[in-house]
Amino acid sequence: MATNEELLRSFYSASGRGDPGAASQVFADGVPPVSLRPLPENVRPEAREFVAAPGERVVVLGDYRVGGEAVPFVHTWRFAGGKAVDVADVHDSARLQALAAGDDDGGLREMATGFMSAQVLHAAVETGVFTALRHGPLDGERLRRRLGLHQRGARDFFDVLAALGLLERRDGLYANTPLTTAHLSDTEADSYLGGLLEFIGSHWYWSWGKLADALRTGRSQSYGGVFPYDAIQADPELAERFQRAMFAASTALRAAIAGGFEWERVGTVADIGCADGSLLARLLSAHPHLRGIGFDLPAGAPGFHRTVARHALEDRTRFVAGDFRAAPLPRADALLFAHILIDWDDDSRHMLLAKAYQALPEGGTILIVDTLVEGTRGAESAAGLLVSLHMLVDQRGGPSYSAEECFGWLGKAGFRDCRVRPLSGFDRLVTAVK
Ligand SMILES: C[S@@+](CC[C@H](N)C(=O)[O-])C[C@H]1O[C@@H](n2cnc3c(N)ncnc32)[C@H](O)[C@@H]1O
C-alpha cells in the first residue's frame with residue numbers, strides 16, 4: 001500500500017498537470033475536497049517539503065504558482081485507512097486571488113498610500129488618543145468627546161486604528177494595545193515615542209512633501225532656508241519639541257550604549273551634541289565611575305539640567321554651551337558623537353574630527369554613532385539611504401556614509417585602530433583611538 005507521503009506526491013503531481021480527477025483519488029470516498037477550494041485554471045500547487053506529523057498527519061510546505069510568482073502555502077493533511085479525510089490550507093488568499101485575476105500590482109498601491117496609515121498614527125498622537133486611553137478603555141462616544149473630535153470621522157478613525165493594530169476594540173470599547181501602552185500612552189515613560197512621532201508628523205511630513213523639489217534643486221526645503229539648528233536655537237518652543245523628539249529617537253540607543261563599549265577604560269566622556277542629556281544620563285547611571293560633559297548649543301541647557309536633576313547626577317555632570325563650528329570641543333578621555341556627523345557635509349565632518357583629535361589625550365577614544373550605508377548600497381542600506389534623503393530634504397546635511405568612508409576621514413584626522421560594530425536598530429558604532 002502506498003504511504004501517505006506517496007499518495008500526496010501523486011496528488012500534487014496530478015494537480016500540477018491540471019488533472020483534478022487523478023488528484024481527487026487521494027481522498028476517502030464521500031470526502032469531497034471541500035477544504036481545498038477549487039483553484040483557478042492558472043494556479044498550480046507545487047509541494048516543496050513533506051513533514052510527517054503525529055496522528056496520521058502530513059504537513060506539506062509549498063507554493064501556489066501563478067506565472068512566475070509564488071504564494072507560499074502550508075497544507076496540513078489528515079489520513080485514515082490510507083486515504084485523506086481532511087486538509088487545512090493556509091496561504092495569503094488575497095494575494096493569490098489578485099495574482100490569479102491578473103490584478104497584482106506588486107504592492108505598488110500599498111506603498112503609494114502608505115502615508116494614509118502614517119497620518120492616522122500621527123493624528124492619533126496629535127489628538128491624544130493613546131494618552132486618553134491610558135487609564136482604561138472608553139466607548140467611542142466618550143473617546144470622541146474627550147478628544148474634541150467631530151462626529152463625521154471619529155468612528156472611522158477609531159476603527160481604522162483598531163484595524164491597523166494600534167487599538168483593541170472589544171464589546172464596543174476601545175483600548176490601547178500592549179504596543180501603544182508601552183510607547184504612546186504615558187508621556188513621562190522612558191519608552192515614550194510620542195515626542196518623535198509629533199515631530200515626524202509635523203516637520204518631517206511637511207518637508208518630505210517637497211522631496212521632488214529638493215531632488216531638483218539639491219537644497220533643503222525646510223526651516224526657511226536657514227540652518228535647522230539656527231532656526232531651532234531662535235525658537236525656545238521649537239527647541240523643547242526638538243529635544244523631546246531626540247529623547248524618543250534615542251530610546252533604543254540609550255538602552256544599548258551603556259553595554260556597547262568598554263566604558264571601564266574611560267574616566268570622563270563628553271557627549272557632543274548631547275540634546276537633553278538623556279543618553280549621557282543613562283551612561284553615567286550605568287557606570288558610577290564615569291564623569292560626563294554635555295556639549296550643545298545654549299538652547300539645550302534647560303532640558304539638559306532637568307534630565308541631570310531627574311537622575312541626581314549633578315555632582316558628576318556639567319553642561320558646556322558652545323557652537324562646535326566656532327569653539328573647540330571640551331577635553332575628555334572619550335568623545336561621543338551620536339547622530340551628529342550625519343547632520344553635516346563632508347567639510348564639516350573633517351573639521352569636527354580634527355577638533356575631536358585636538359580635544360582627546362593620547363590613547364583617548366572617539367565614538368561615532370550613526371545609521372550607516374553599506375558600500376554596496378543594496379537593500380540592506382535602505383534605512384541609511386532614506387536617512388540620507390532626509391538630510392537633504394529636511395536638514396541640509398548628509399549624505400549618509402559607510403564605515404569605510406568614516407575610517408578614511410578618521411585616518412586623515414590622525415586616528416588609528418578604527419572599528420565598527422552594530423549597536424541598536426540601524427545604528428552602528430564606529431570607534432577609533434588617538
Ligand atoms: C540629531 S541631534 C542628536 C542628539 C543626540 N546626540 C542623540 O543622538 O539623540 C543633534 C544635536 O547636535 C546639536 N548641535 C547642532 N549644531 C550644533 C553646533 N553647531 N554646536 C553644538 N551642538 C550642535 C543639536 O542641538 C542637537 O542636540
# chains A, B, ... in the order shown; residues from 1 in each chain; ligands from 1
>>> residues_near_ligand(ligand="ligand 1", cutoff="6 Å", atoms="only C-alpha atoms and all ligand atoms", output="PDB file with N, CA and C atoms, in the first residue's frame")
ATOM      1  N   TYR A 229      19.516  74.057  12.855  1.00  0.00           N
ATOM      2  CA  TYR A 229      19.822  74.284  14.264  1.00  0.00           C
ATOM      3  C   TYR A 229      19.829  75.771  14.605  1.00  0.00           C
ATOM      4  N   MET A 246      14.273  64.092  20.090  1.00  0.00           N
ATOM      5  CA  MET A 246      15.577  63.411  20.203  1.00  0.00           C
ATOM      6  C   MET A 246      15.578  62.404  21.351  1.00  0.00           C
ATOM      7  N   SER A 250      16.256  58.406  20.600  1.00  0.00           N
ATOM      8  CA  SER A 250      17.429  57.691  21.126  1.00  0.00           C
ATOM      9  C   SER A 250      17.046  56.622  22.148  1.00  0.00           C
ATOM     10  N   GLY A 273      26.885  67.394  21.171  1.00  0.00           N
ATOM     11  CA  GLY A 273      25.522  67.461  20.631  1.00  0.00           C
ATOM     12  C   GLY A 273      24.627  66.574  21.468  1.00  0.00           C
ATOM     13  N   CYS A 274      24.614  66.854  22.776  1.00  0.00           N
ATOM     14  CA  CYS A 274      24.007  65.930  23.752  1.00  0.00           C
ATOM     15  C   CYS A 274      22.503  66.061  23.849  1.00  0.00           C
ATOM     16  N   ALA A 275      21.901  67.068  23.175  1.00  0.00           N
ATOM     17  CA  ALA A 275      20.456  67.318  23.247  1.00  0.00           C
ATOM     18  C   ALA A 275      20.016  67.416  24.714  1.00  0.00           C
ATOM     19  N   ASP A 296      26.483  71.262  23.873  1.00  0.00           N
ATOM     20  CA  ASP A 296      25.451  71.548  22.872  1.00  0.00           C
ATOM     21  C   ASP A 296      25.269  73.054  22.777  1.00  0.00           C
ATOM     22  N   LEU A 297      24.430  73.466  21.843  1.00  0.00           N
ATOM     23  CA  LEU A 297      24.118  74.886  21.691  1.00  0.00           C
ATOM     24  C   LEU A 297      23.382  75.380  22.949  1.00  0.00           C
ATOM     25  N   GLY A 322      28.132  75.655  23.645  1.00  0.00           N
ATOM     26  CA  GLY A 322      29.064  76.086  22.616  1.00  0.00           C
ATOM     27  C   GLY A 322      28.585  75.696  21.234  1.00  0.00           C
ATOM     28  N   ASP A 323      29.185  76.337  20.251  1.00  0.00           N
ATOM     29  CA  ASP A 323      28.877  76.045  18.848  1.00  0.00           C
ATOM     30  C   ASP A 323      30.116  75.368  18.267  1.00  0.00           C
ATOM     31  N   PHE A 324      29.990  74.087  17.942  1.00  0.00           N
ATOM     32  CA  PHE A 324      31.217  73.377  17.528  1.00  0.00           C
ATOM     33  C   PHE A 324      31.755  73.838  16.172  1.00  0.00           C
ATOM     34  N   ARG A 325      30.990  74.691  15.480  1.00  0.00           N
ATOM     35  CA  ARG A 325      31.547  75.247  14.242  1.00  0.00           C
ATOM     36  C   ARG A 325      32.606  76.294  14.578  1.00  0.00           C
ATOM     37  N   ALA A 338      26.885  61.172  18.762  1.00  0.00           N
ATOM     38  CA  ALA A 338      25.729  60.322  18.425  1.00  0.00           C
ATOM     39  C   ALA A 338      24.785  61.108  17.516  1.00  0.00           C
ATOM     40  N   HIS A 339      24.645  60.636  16.313  1.00  0.00           N
ATOM     41  CA  HIS A 339      23.773  61.271  15.307  1.00  0.00           C
ATOM     42  C   HIS A 339      24.184  62.718  15.060  1.00  0.00           C
ATOM     43  N   ILE A 340      25.474  62.926  14.943  1.00  0.00           N
ATOM     44  CA  ILE A 340      25.993  64.277  14.701  1.00  0.00           C
ATOM     45  C   ILE A 340      26.585  64.369  13.291  1.00  0.00           C
TER      46      ILE A 340
END
>>> closest_atom_pairs(of="range 69-96 of chain A", to="range 103-111 of chain A", cutoff="12 Å", atoms="only C-alpha atoms", output="Markdown table")
| residue | atom | partner | partner_atom | distance |
| --- | --- | --- | --- | --- |
| A:Glu69 | CA | A:Asp104 | CA | 10.1 |
| A:Ala70 | CA | A:Gly106 | CA | 12.0 |
| A:Val71 | CA | A:Asp104 | CA | 12.0 |
| A:Ala94 | CA | A:Asp104 | CA | 9.8 |
| A:Arg95 | CA | A:Asp104 | CA | 7.3 |
| A:Leu96 | CA | A:Asp104 | CA | 8.8 |
>>> residues_around(residues="Ala100 in chain A", least_positions_apart="3", cutoff="8 Å", atoms="only C-alpha atoms", output="ChimeraX atom specification")
/A:40,42-43,66,96-97,103
>>> write_last_selection(atoms="C-alpha atoms", output="CSV table (one decimal), in the first residue's frame")
chain,number,residue,atom,x,y,z
A,40,PRO,CA,-8.4,28.9,-10.8
A,42,ASN,CA,-3.8,29.4,-14.0
A,43,VAL,CA,-2.8,28.4,-10.4
A,66,VAL,CA,0.9,31.8,-10.9
A,96,LEU,CA,-3.3,34.6,-4.6
A,97,GLN,CA,-6.7,35.9,-5.8
A,103,ASP,CA,-4.6,42.2,-10.7
>>> residues_around(residues="Arg377 in chain A", least_positions_apart="5", cutoff="12 Å", atoms="only C-alpha atoms", output="number ranges by chain")
A: 372, 382-386, 388, 400-402
>>> write_last_selection(atoms="N, CA and C atoms", output="compact mmCIF listing (two decimals), in the first residue's frame")
# COMPACT_ATOMS: atom_id res chain seq x y z
N LEU A 372 24.48 53.86 9.13
CA LEU A 372 25.43 53.86 8.02
C LEU A 372 24.82 53.19 6.79
N ALA A 382 18.74 50.35 2.83
CA ALA A 382 17.54 51.18 2.61
C ALA A 382 17.37 52.22 3.71
N ALA A 383 17.54 51.81 4.99
CA ALA A 383 17.33 52.76 6.09
C ALA A 383 18.33 53.91 5.99
N GLY A 384 19.61 53.58 5.72
CA GLY A 384 20.64 54.61 5.63
C GLY A 384 20.39 55.55 4.45
N LEU A 385 19.89 54.99 3.35
CA LEU A 385 19.64 55.83 2.17
C LEU A 385 18.46 56.77 2.42
N LEU A 386 17.44 56.28 3.14
CA LEU A 386 16.31 57.16 3.47
C LEU A 386 16.76 58.27 4.42
N SER A 388 19.65 59.52 4.45
CA SER A 388 20.43 60.43 3.61
C SER A 388 19.51 61.42 2.89
N SER A 400 24.51 60.18 3.75
CA SER A 400 24.90 59.05 4.59
C SER A 400 26.25 58.52 4.13
N TYR A 401 26.91 57.80 5.02
CA TYR A 401 28.26 57.31 4.70
C TYR A 401 28.42 55.88 5.17
N SER A 402 29.44 55.24 4.65
CA SER A 402 29.73 53.86 5.04
C SER A 402 30.83 53.87 6.12
>>> closest_residue(among="A:Leu121, A:Leu173, A:Ala231, A:Val87", to="Arg144 in chain A", atoms="only C-alpha atoms")
A:Leu173
>>> atom_distance(atom1="CA of Ala84 in chain A", atom2="CA of Val26 in chain A")
5.9 Å
>>> select_by_dssp(residues="range 17-71 of chain A", states="strand (DSSP E or B)", output="list in words")
Phe27, Arg44, Pro45, Glu46, Ala47, Arg48, Glu49, Phe50, Val51, Ala52, Ala53, Arg57, Val58, Val59, Val60, Leu61, Gly62, Asp63, Tyr64, Arg65, Val66, Glu69, Ala70 and Val71 of chain A
>>> atom_distance(atom1="CA of Tyr192 in chain A", atom2="CA of Leu179 in chain A")
10.7 Å
>>> select_by_dssp(residues="range 99-261 of chain A", states="alpha helix (DSSP H)", output="tab-separated table (two decimals) with N, CA and C atoms, in the first residue's frame")
chain	number	residue	atom	x	y	z
A	99	LEU	N	-3.28	37.72	-7.84
A	99	LEU	CA	-2.37	37.20	-8.87
A	99	LEU	C	-3.16	36.42	-9.92
A	100	ALA	N	-4.10	35.59	-9.43
A	100	ALA	CA	-4.86	34.76	-10.36
A	100	ALA	C	-5.73	35.63	-11.28
A	108	LEU	N	2.49	48.08	-5.17
A	108	LEU	CA	2.68	49.50	-5.52
A	108	LEU	C	1.64	50.41	-4.88
A	109	ARG	N	0.37	49.96	-4.96
A	109	ARG	CA	-0.68	50.81	-4.40
A	109	ARG	C	-0.50	50.96	-2.89
A	110	GLU	N	-0.10	49.86	-2.25
A	110	GLU	CA	0.08	49.92	-0.79
A	110	GLU	C	1.20	50.90	-0.44
A	111	MET	N	2.28	50.85	-1.24
A	111	MET	CA	3.39	51.76	-0.98
A	111	MET	C	2.96	53.22	-1.23
A	112	ALA	N	2.19	53.40	-2.30
A	112	ALA	CA	1.77	54.76	-2.67
A	112	ALA	C	0.84	55.38	-1.64
A	114	GLY	N	0.84	54.49	1.62
A	114	GLY	CA	1.37	54.26	2.97
A	114	GLY	C	1.25	55.50	3.85
A	115	PHE	N	1.26	56.68	3.24
A	115	PHE	CA	1.17	57.91	4.04
A	115	PHE	C	-0.16	58.01	4.77
A	116	MET	N	-1.20	57.32	4.24
A	116	MET	CA	-2.51	57.42	4.91
A	116	MET	C	-2.45	56.75	6.28
A	117	SER	N	-1.88	55.55	6.33
A	117	SER	CA	-1.75	54.87	7.62
A	117	SER	C	-0.84	55.69	8.54
A	118	ALA	N	0.24	56.24	7.95
A	118	ALA	CA	1.16	57.03	8.77
A	118	ALA	C	0.42	58.23	9.37
A	119	GLN	N	-0.43	58.87	8.57
A	119	GLN	CA	-1.13	60.05	9.08
A	119	GLN	C	-2.17	59.68	10.12
A	120	VAL	N	-2.76	58.50	9.99
A	120	VAL	CA	-3.70	58.05	11.02
A	120	VAL	C	-2.97	57.94	12.36
A	121	LEU	N	-1.75	57.38	12.31
A	121	LEU	CA	-0.96	57.25	13.53
A	121	LEU	C	-0.58	58.64	14.08
A	122	HIS	N	-0.10	59.51	13.19
A	122	HIS	CA	0.30	60.85	13.66
A	122	HIS	C	-0.89	61.62	14.24
A	123	ALA	N	-2.04	61.51	13.56
A	123	ALA	CA	-3.23	62.21	14.06
A	123	ALA	C	-3.65	61.65	15.42
A	124	ALA	N	-3.46	60.35	15.61
A	124	ALA	CA	-3.83	59.75	16.90
A	124	ALA	C	-2.93	60.28	18.02
A	125	VAL	N	-1.64	60.45	17.70
A	125	VAL	CA	-0.73	61.02	18.71
A	125	VAL	C	-1.09	62.48	18.95
A	126	GLU	N	-1.32	63.22	17.85
A	126	GLU	CA	-1.60	64.66	17.98
A	126	GLU	C	-2.89	64.92	18.75
A	127	THR	N	-3.93	64.12	18.49
A	127	THR	CA	-5.21	64.37	19.16
A	127	THR	C	-5.25	63.72	20.55
A	129	VAL	N	-5.19	60.27	21.39
A	129	VAL	CA	-5.97	59.03	21.54
A	129	VAL	C	-5.34	58.11	22.58
A	130	PHE	N	-4.03	57.87	22.44
A	130	PHE	CA	-3.39	56.84	23.28
A	130	PHE	C	-3.26	57.30	24.74
A	131	THR	N	-3.04	58.60	24.93
A	131	THR	CA	-2.94	59.08	26.31
A	131	THR	C	-4.34	59.11	26.95
A	132	ALA	N	-5.38	59.38	26.15
A	132	ALA	CA	-6.75	59.39	26.70
A	132	ALA	C	-7.15	58.00	27.18
A	140	GLY	N	-16.74	54.67	22.09
A	140	GLY	CA	-16.39	55.61	21.02
A	140	GLY	C	-16.86	57.02	21.30
A	141	GLU	N	-18.08	57.16	21.85
A	141	GLU	CA	-18.63	58.50	22.06
A	141	GLU	C	-17.85	59.24	23.15
A	142	ARG	N	-17.52	58.54	24.22
A	142	ARG	CA	-16.74	59.18	25.29
A	142	ARG	C	-15.36	59.60	24.78
A	143	LEU	N	-14.77	58.69	24.01
A	143	LEU	CA	-13.43	58.99	23.49
A	143	LEU	C	-13.50	60.19	22.55
A	144	ARG	N	-14.51	60.20	21.69
A	144	ARG	CA	-14.67	61.31	20.74
A	144	ARG	C	-14.80	62.64	21.49
A	145	ARG	N	-15.64	62.64	22.53
A	145	ARG	CA	-15.86	63.89	23.28
A	145	ARG	C	-14.58	64.31	24.01
A	146	ARG	N	-13.91	63.32	24.58
A	146	ARG	CA	-12.69	63.64	25.32
A	146	ARG	C	-11.66	64.29	24.41
A	147	LEU	N	-11.60	63.85	23.16
A	147	LEU	CA	-10.59	64.39	22.23
A	147	LEU	C	-11.08	65.62	21.48
A	151	GLN	N	-18.12	64.45	14.80
A	151	GLN	CA	-18.72	63.12	14.63
A	151	GLN	C	-18.39	62.46	13.30
A	152	ARG	N	-18.24	63.27	12.25
A	152	ARG	CA	-18.12	62.70	10.90
A	152	ARG	C	-17.02	61.63	10.79
A	153	GLY	N	-15.85	61.92	11.36
A	153	GLY	CA	-14.75	60.98	11.11
A	153	GLY	C	-14.38	60.09	12.29
A	154	ALA	N	-14.95	60.41	13.46
A	154	ALA	CA	-14.43	59.79	14.69
A	154	ALA	C	-14.51	58.26	14.64
A	155	ARG	N	-15.67	57.73	14.27
A	155	ARG	CA	-15.82	56.27	14.33
A	155	ARG	C	-14.86	55.58	13.35
A	156	ASP	N	-14.79	56.15	12.12
A	156	ASP	CA	-13.87	55.57	11.13
A	156	ASP	C	-12.43	55.62	11.65
A	157	PHE	N	-12.11	56.75	12.27
A	157	PHE	CA	-10.75	56.96	12.80
A	157	PHE	C	-10.42	55.90	13.86
A	158	PHE	N	-11.32	55.72	14.83
A	158	PHE	CA	-11.04	54.74	15.90
A	158	PHE	C	-11.01	53.32	15.32
A	159	ASP	N	-11.94	53.05	14.38
A	159	ASP	CA	-11.98	51.69	13.83
A	159	ASP	C	-10.76	51.39	12.96
A	160	VAL	N	-10.29	52.39	12.23
A	160	VAL	CA	-9.12	52.11	11.39
A	160	VAL	C	-7.89	51.95	12.30
A	161	LEU	N	-7.84	52.67	13.41
A	161	LEU	CA	-6.74	52.45	14.36
A	161	LEU	C	-6.77	51.01	14.87
A	162	ALA	N	-7.98	50.50	15.11
A	162	ALA	CA	-8.10	49.09	15.54
A	162	ALA	C	-7.70	48.17	14.40
A	163	ALA	N	-8.15	48.51	13.18
A	163	ALA	CA	-7.83	47.65	12.03
A	163	ALA	C	-6.32	47.62	11.78
A	178	PRO	N	-0.87	46.38	23.80
A	178	PRO	CA	0.39	46.37	24.58
A	178	PRO	C	1.43	47.31	23.97
A	179	LEU	N	1.46	47.40	22.63
A	179	LEU	CA	2.44	48.27	21.96
A	179	LEU	C	2.19	49.75	22.27
A	180	THR	N	0.93	50.18	22.11
A	180	THR	CA	0.66	51.60	22.33
A	180	THR	C	0.69	51.93	23.81
A	181	THR	N	0.38	50.94	24.66
A	181	THR	CA	0.53	51.18	26.11
A	181	THR	C	2.00	51.45	26.42
A	182	ALA	N	2.89	50.63	25.84
A	182	ALA	CA	4.32	50.75	26.17
A	182	ALA	C	4.92	52.04	25.62
A	183	HIS	N	4.52	52.45	24.41
A	183	HIS	CA	5.27	53.53	23.75
A	183	HIS	C	4.51	54.84	23.52
A	184	LEU	N	3.19	54.83	23.71
A	184	LEU	CA	2.46	56.04	23.33
A	184	LEU	C	1.45	56.53	24.36
A	194	GLY	N	6.13	59.28	21.61
A	194	GLY	CA	5.24	60.30	21.06
A	194	GLY	C	5.95	61.57	20.64
A	195	GLY	N	7.00	61.96	21.41
A	195	GLY	CA	7.71	63.21	21.08
A	195	GLY	C	8.32	63.15	19.69
A	196	LEU	N	8.81	61.97	19.32
A	196	LEU	CA	9.40	61.82	17.99
A	196	LEU	C	8.29	61.80	16.93
A	197	LEU	N	7.20	61.08	17.23
A	197	LEU	CA	6.12	60.99	16.23
A	197	LEU	C	5.50	62.37	15.98
A	198	GLU	N	5.39	63.18	17.04
A	198	GLU	CA	4.85	64.54	16.84
A	198	GLU	C	5.72	65.32	15.88
A	199	PHE	N	7.02	65.19	16.03
A	199	PHE	CA	7.95	65.94	15.19
A	199	PHE	C	7.91	65.41	13.75
A	205	TYR	N	6.94	65.46	7.88
A	205	TYR	CA	5.90	65.19	6.89
A	205	TYR	C	5.84	66.35	5.89
A	206	TRP	N	5.96	67.54	6.44
A	206	TRP	CA	5.89	68.72	5.58
A	206	TRP	C	7.09	68.75	4.63
A	207	SER	N	8.28	68.53	5.14
A	207	SER	CA	9.45	68.65	4.27
A	207	SER	C	9.49	67.52	3.25
A	208	TRP	N	9.09	66.30	3.64
A	208	TRP	CA	9.10	65.19	2.67
A	208	TRP	C	8.09	65.41	1.56
A	211	LEU	N	9.95	66.58	-1.48
A	211	LEU	CA	11.12	65.78	-1.86
A	211	LEU	C	11.54	66.03	-3.32
A	212	ALA	N	10.53	66.04	-4.21
A	212	ALA	CA	10.89	66.21	-5.62
A	212	ALA	C	11.59	67.56	-5.83
A	213	ASP	N	11.13	68.61	-5.12
A	213	ASP	CA	11.79	69.92	-5.25
A	213	ASP	C	13.23	69.85	-4.74
A	214	ALA	N	13.41	69.14	-3.60
A	214	ALA	CA	14.77	69.01	-3.06
A	214	ALA	C	15.66	68.25	-4.02
A	215	LEU	N	15.09	67.24	-4.69
A	215	LEU	CA	15.90	66.47	-5.64
A	215	LEU	C	16.26	67.32	-6.86
A	216	ARG	N	15.34	68.19	-7.27
A	216	ARG	CA	15.65	69.04	-8.43
A	216	ARG	C	16.70	70.09	-8.10
A	217	THR	N	16.59	70.66	-6.88
A	217	THR	CA	17.46	71.80	-6.56
A	217	THR	C	18.69	71.41	-5.75
A	228	PRO	N	18.97	74.36	10.09
A	228	PRO	CA	17.92	73.93	11.02
A	228	PRO	C	18.24	74.29	12.46
A	229	TYR	N	19.52	74.06	12.85
A	229	TYR	CA	19.82	74.28	14.26
A	229	TYR	C	19.83	75.77	14.60
A	230	ASP	N	20.06	76.65	13.62
A	230	ASP	CA	19.94	78.08	13.88
A	230	ASP	C	18.47	78.42	14.11
A	231	ALA	N	17.57	77.81	13.30
A	231	ALA	CA	16.13	78.07	13.46
A	231	ALA	C	15.67	77.54	14.82
A	232	ILE	N	16.17	76.37	15.21
A	232	ILE	CA	15.74	75.75	16.47
A	232	ILE	C	16.23	76.59	17.66
A	233	GLN	N	17.48	77.11	17.55
A	233	GLN	CA	18.03	77.97	18.59
A	233	GLN	C	17.19	79.21	18.82
A	236	PRO	N	12.58	78.94	21.37
A	236	PRO	CA	12.66	78.04	22.53
A	236	PRO	C	11.60	76.94	22.52
A	237	GLU	N	10.40	77.26	22.00
A	237	GLU	CA	9.34	76.23	22.00
A	237	GLU	C	9.72	75.10	21.03
A	238	LEU	N	10.29	75.50	19.88
A	238	LEU	CA	10.73	74.51	18.89
A	238	LEU	C	11.90	73.70	19.47
A	239	ALA	N	12.79	74.39	20.22
A	239	ALA	CA	13.94	73.70	20.82
A	239	ALA	C	13.45	72.62	21.80
A	240	GLU	N	12.40	72.95	22.56
A	240	GLU	CA	11.83	71.96	23.51
A	240	GLU	C	11.28	70.77	22.75
A	241	ARG	N	10.53	71.06	21.67
A	241	ARG	CA	9.91	69.96	20.91
A	241	ARG	C	10.98	69.11	20.26
A	242	PHE	N	12.05	69.77	19.79
A	242	PHE	CA	13.14	69.03	19.16
A	242	PHE	C	13.81	68.10	20.18
A	243	GLN	N	14.01	68.60	21.38
A	243	GLN	CA	14.63	67.76	22.41
A	243	GLN	C	13.74	66.57	22.76
A	244	ARG	N	12.41	66.83	22.81
A	244	ARG	CA	11.51	65.70	23.09
A	244	ARG	C	11.63	64.64	22.00
A	245	ALA	N	11.76	65.12	20.74
A	245	ALA	CA	11.89	64.19	19.61
A	245	ALA	C	13.20	63.40	19.73
A	246	MET	N	14.27	64.09	20.09
A	246	MET	CA	15.58	63.41	20.20
A	246	MET	C	15.58	62.40	21.35
A	247	PHE	N	14.87	62.77	22.43
A	247	PHE	CA	14.76	61.84	23.57
A	247	PHE	C	14.14	60.52	23.09
A	248	ALA	N	13.04	60.65	22.32
A	248	ALA	CA	12.35	59.43	21.85
A	248	ALA	C	13.19	58.72	20.80
A	249	ALA	N	13.85	59.50	19.93
A	249	ALA	CA	14.63	58.87	18.86
A	249	ALA	C	15.78	58.05	19.42
A	251	THR	N	15.76	56.23	22.19
A	251	THR	CA	15.33	55.22	23.18
A	251	THR	C	16.16	53.95	23.07
A	252	ALA	N	16.27	53.41	21.85
A	252	ALA	CA	16.99	52.14	21.68
A	252	ALA	C	18.48	52.35	21.92
A	253	LEU	N	18.99	53.49	21.48
A	253	LEU	CA	20.42	53.77	21.68
A	253	LEU	C	20.75	53.88	23.16
A	254	ARG	N	19.84	54.54	23.91
A	254	ARG	CA	20.07	54.66	25.37
A	254	ARG	C	20.22	53.28	26.00
A	255	ALA	N	19.35	52.36	25.54
A	255	ALA	CA	19.39	51.02	26.13
A	255	ALA	C	20.68	50.30	25.76
A	256	ALA	N	21.23	50.63	24.58
A	256	ALA	CA	22.38	49.86	24.07
A	256	ALA	C	23.73	50.46	24.44
A	257	ILE	N	23.77	51.77	24.66
A	257	ILE	CA	25.07	52.44	24.73
A	257	ILE	C	25.89	52.03	25.96
>>> decode(residues="range 271-285 of chain A", atoms="N, CA and C atoms", output="compact mmCIF listing (two decimals), in the first residue's frame")
# COMPACT_ATOMS: atom_id res chain seq x y z
N ASP A 271 29.73 64.21 25.62
CA ASP A 271 28.70 63.88 24.62
C ASP A 271 28.50 65.13 23.78
N ILE A 272 29.01 65.09 22.55
CA ILE A 272 28.99 66.27 21.68
C ILE A 272 27.65 66.31 20.94
N GLY A 273 26.88 67.39 21.17
CA GLY A 273 25.52 67.46 20.63
C GLY A 273 24.63 66.57 21.47
N CYS A 274 24.61 66.85 22.78
CA CYS A 274 24.01 65.93 23.75
C CYS A 274 22.50 66.06 23.85
N ALA A 275 21.90 67.07 23.18
CA ALA A 275 20.46 67.32 23.25
C ALA A 275 20.02 67.42 24.71
N ASP A 276 19.02 66.64 25.14
CA ASP A 276 18.52 66.80 26.51
C ASP A 276 19.36 66.04 27.53
N GLY A 277 20.43 65.39 27.09
CA GLY A 277 21.34 64.72 28.03
C GLY A 277 20.89 63.35 28.48
N SER A 278 19.83 62.82 27.87
CA SER A 278 19.31 61.54 28.38
C SER A 278 20.25 60.38 28.08
N LEU A 279 21.00 60.48 26.98
CA LEU A 279 21.96 59.42 26.64
C LEU A 279 23.10 59.41 27.68
N LEU A 280 23.60 60.60 27.96
CA LEU A 280 24.69 60.73 28.93
C LEU A 280 24.23 60.27 30.32
N ALA A 281 22.99 60.64 30.67
CA ALA A 281 22.47 60.26 31.99
C ALA A 281 22.39 58.74 32.12
N ARG A 282 21.94 58.07 31.05
CA ARG A 282 21.85 56.61 31.11
C ARG A 282 23.24 56.00 31.27
N LEU A 283 24.19 56.58 30.54
CA LEU A 283 25.57 56.08 30.58
C LEU A 283 26.16 56.23 31.99
N LEU A 284 25.97 57.41 32.57
CA LEU A 284 26.54 57.66 33.90
C LEU A 284 25.83 56.86 34.98
N SER A 285 24.53 56.65 34.80
CA SER A 285 23.79 55.85 35.80
C SER A 285 24.28 54.41 35.77
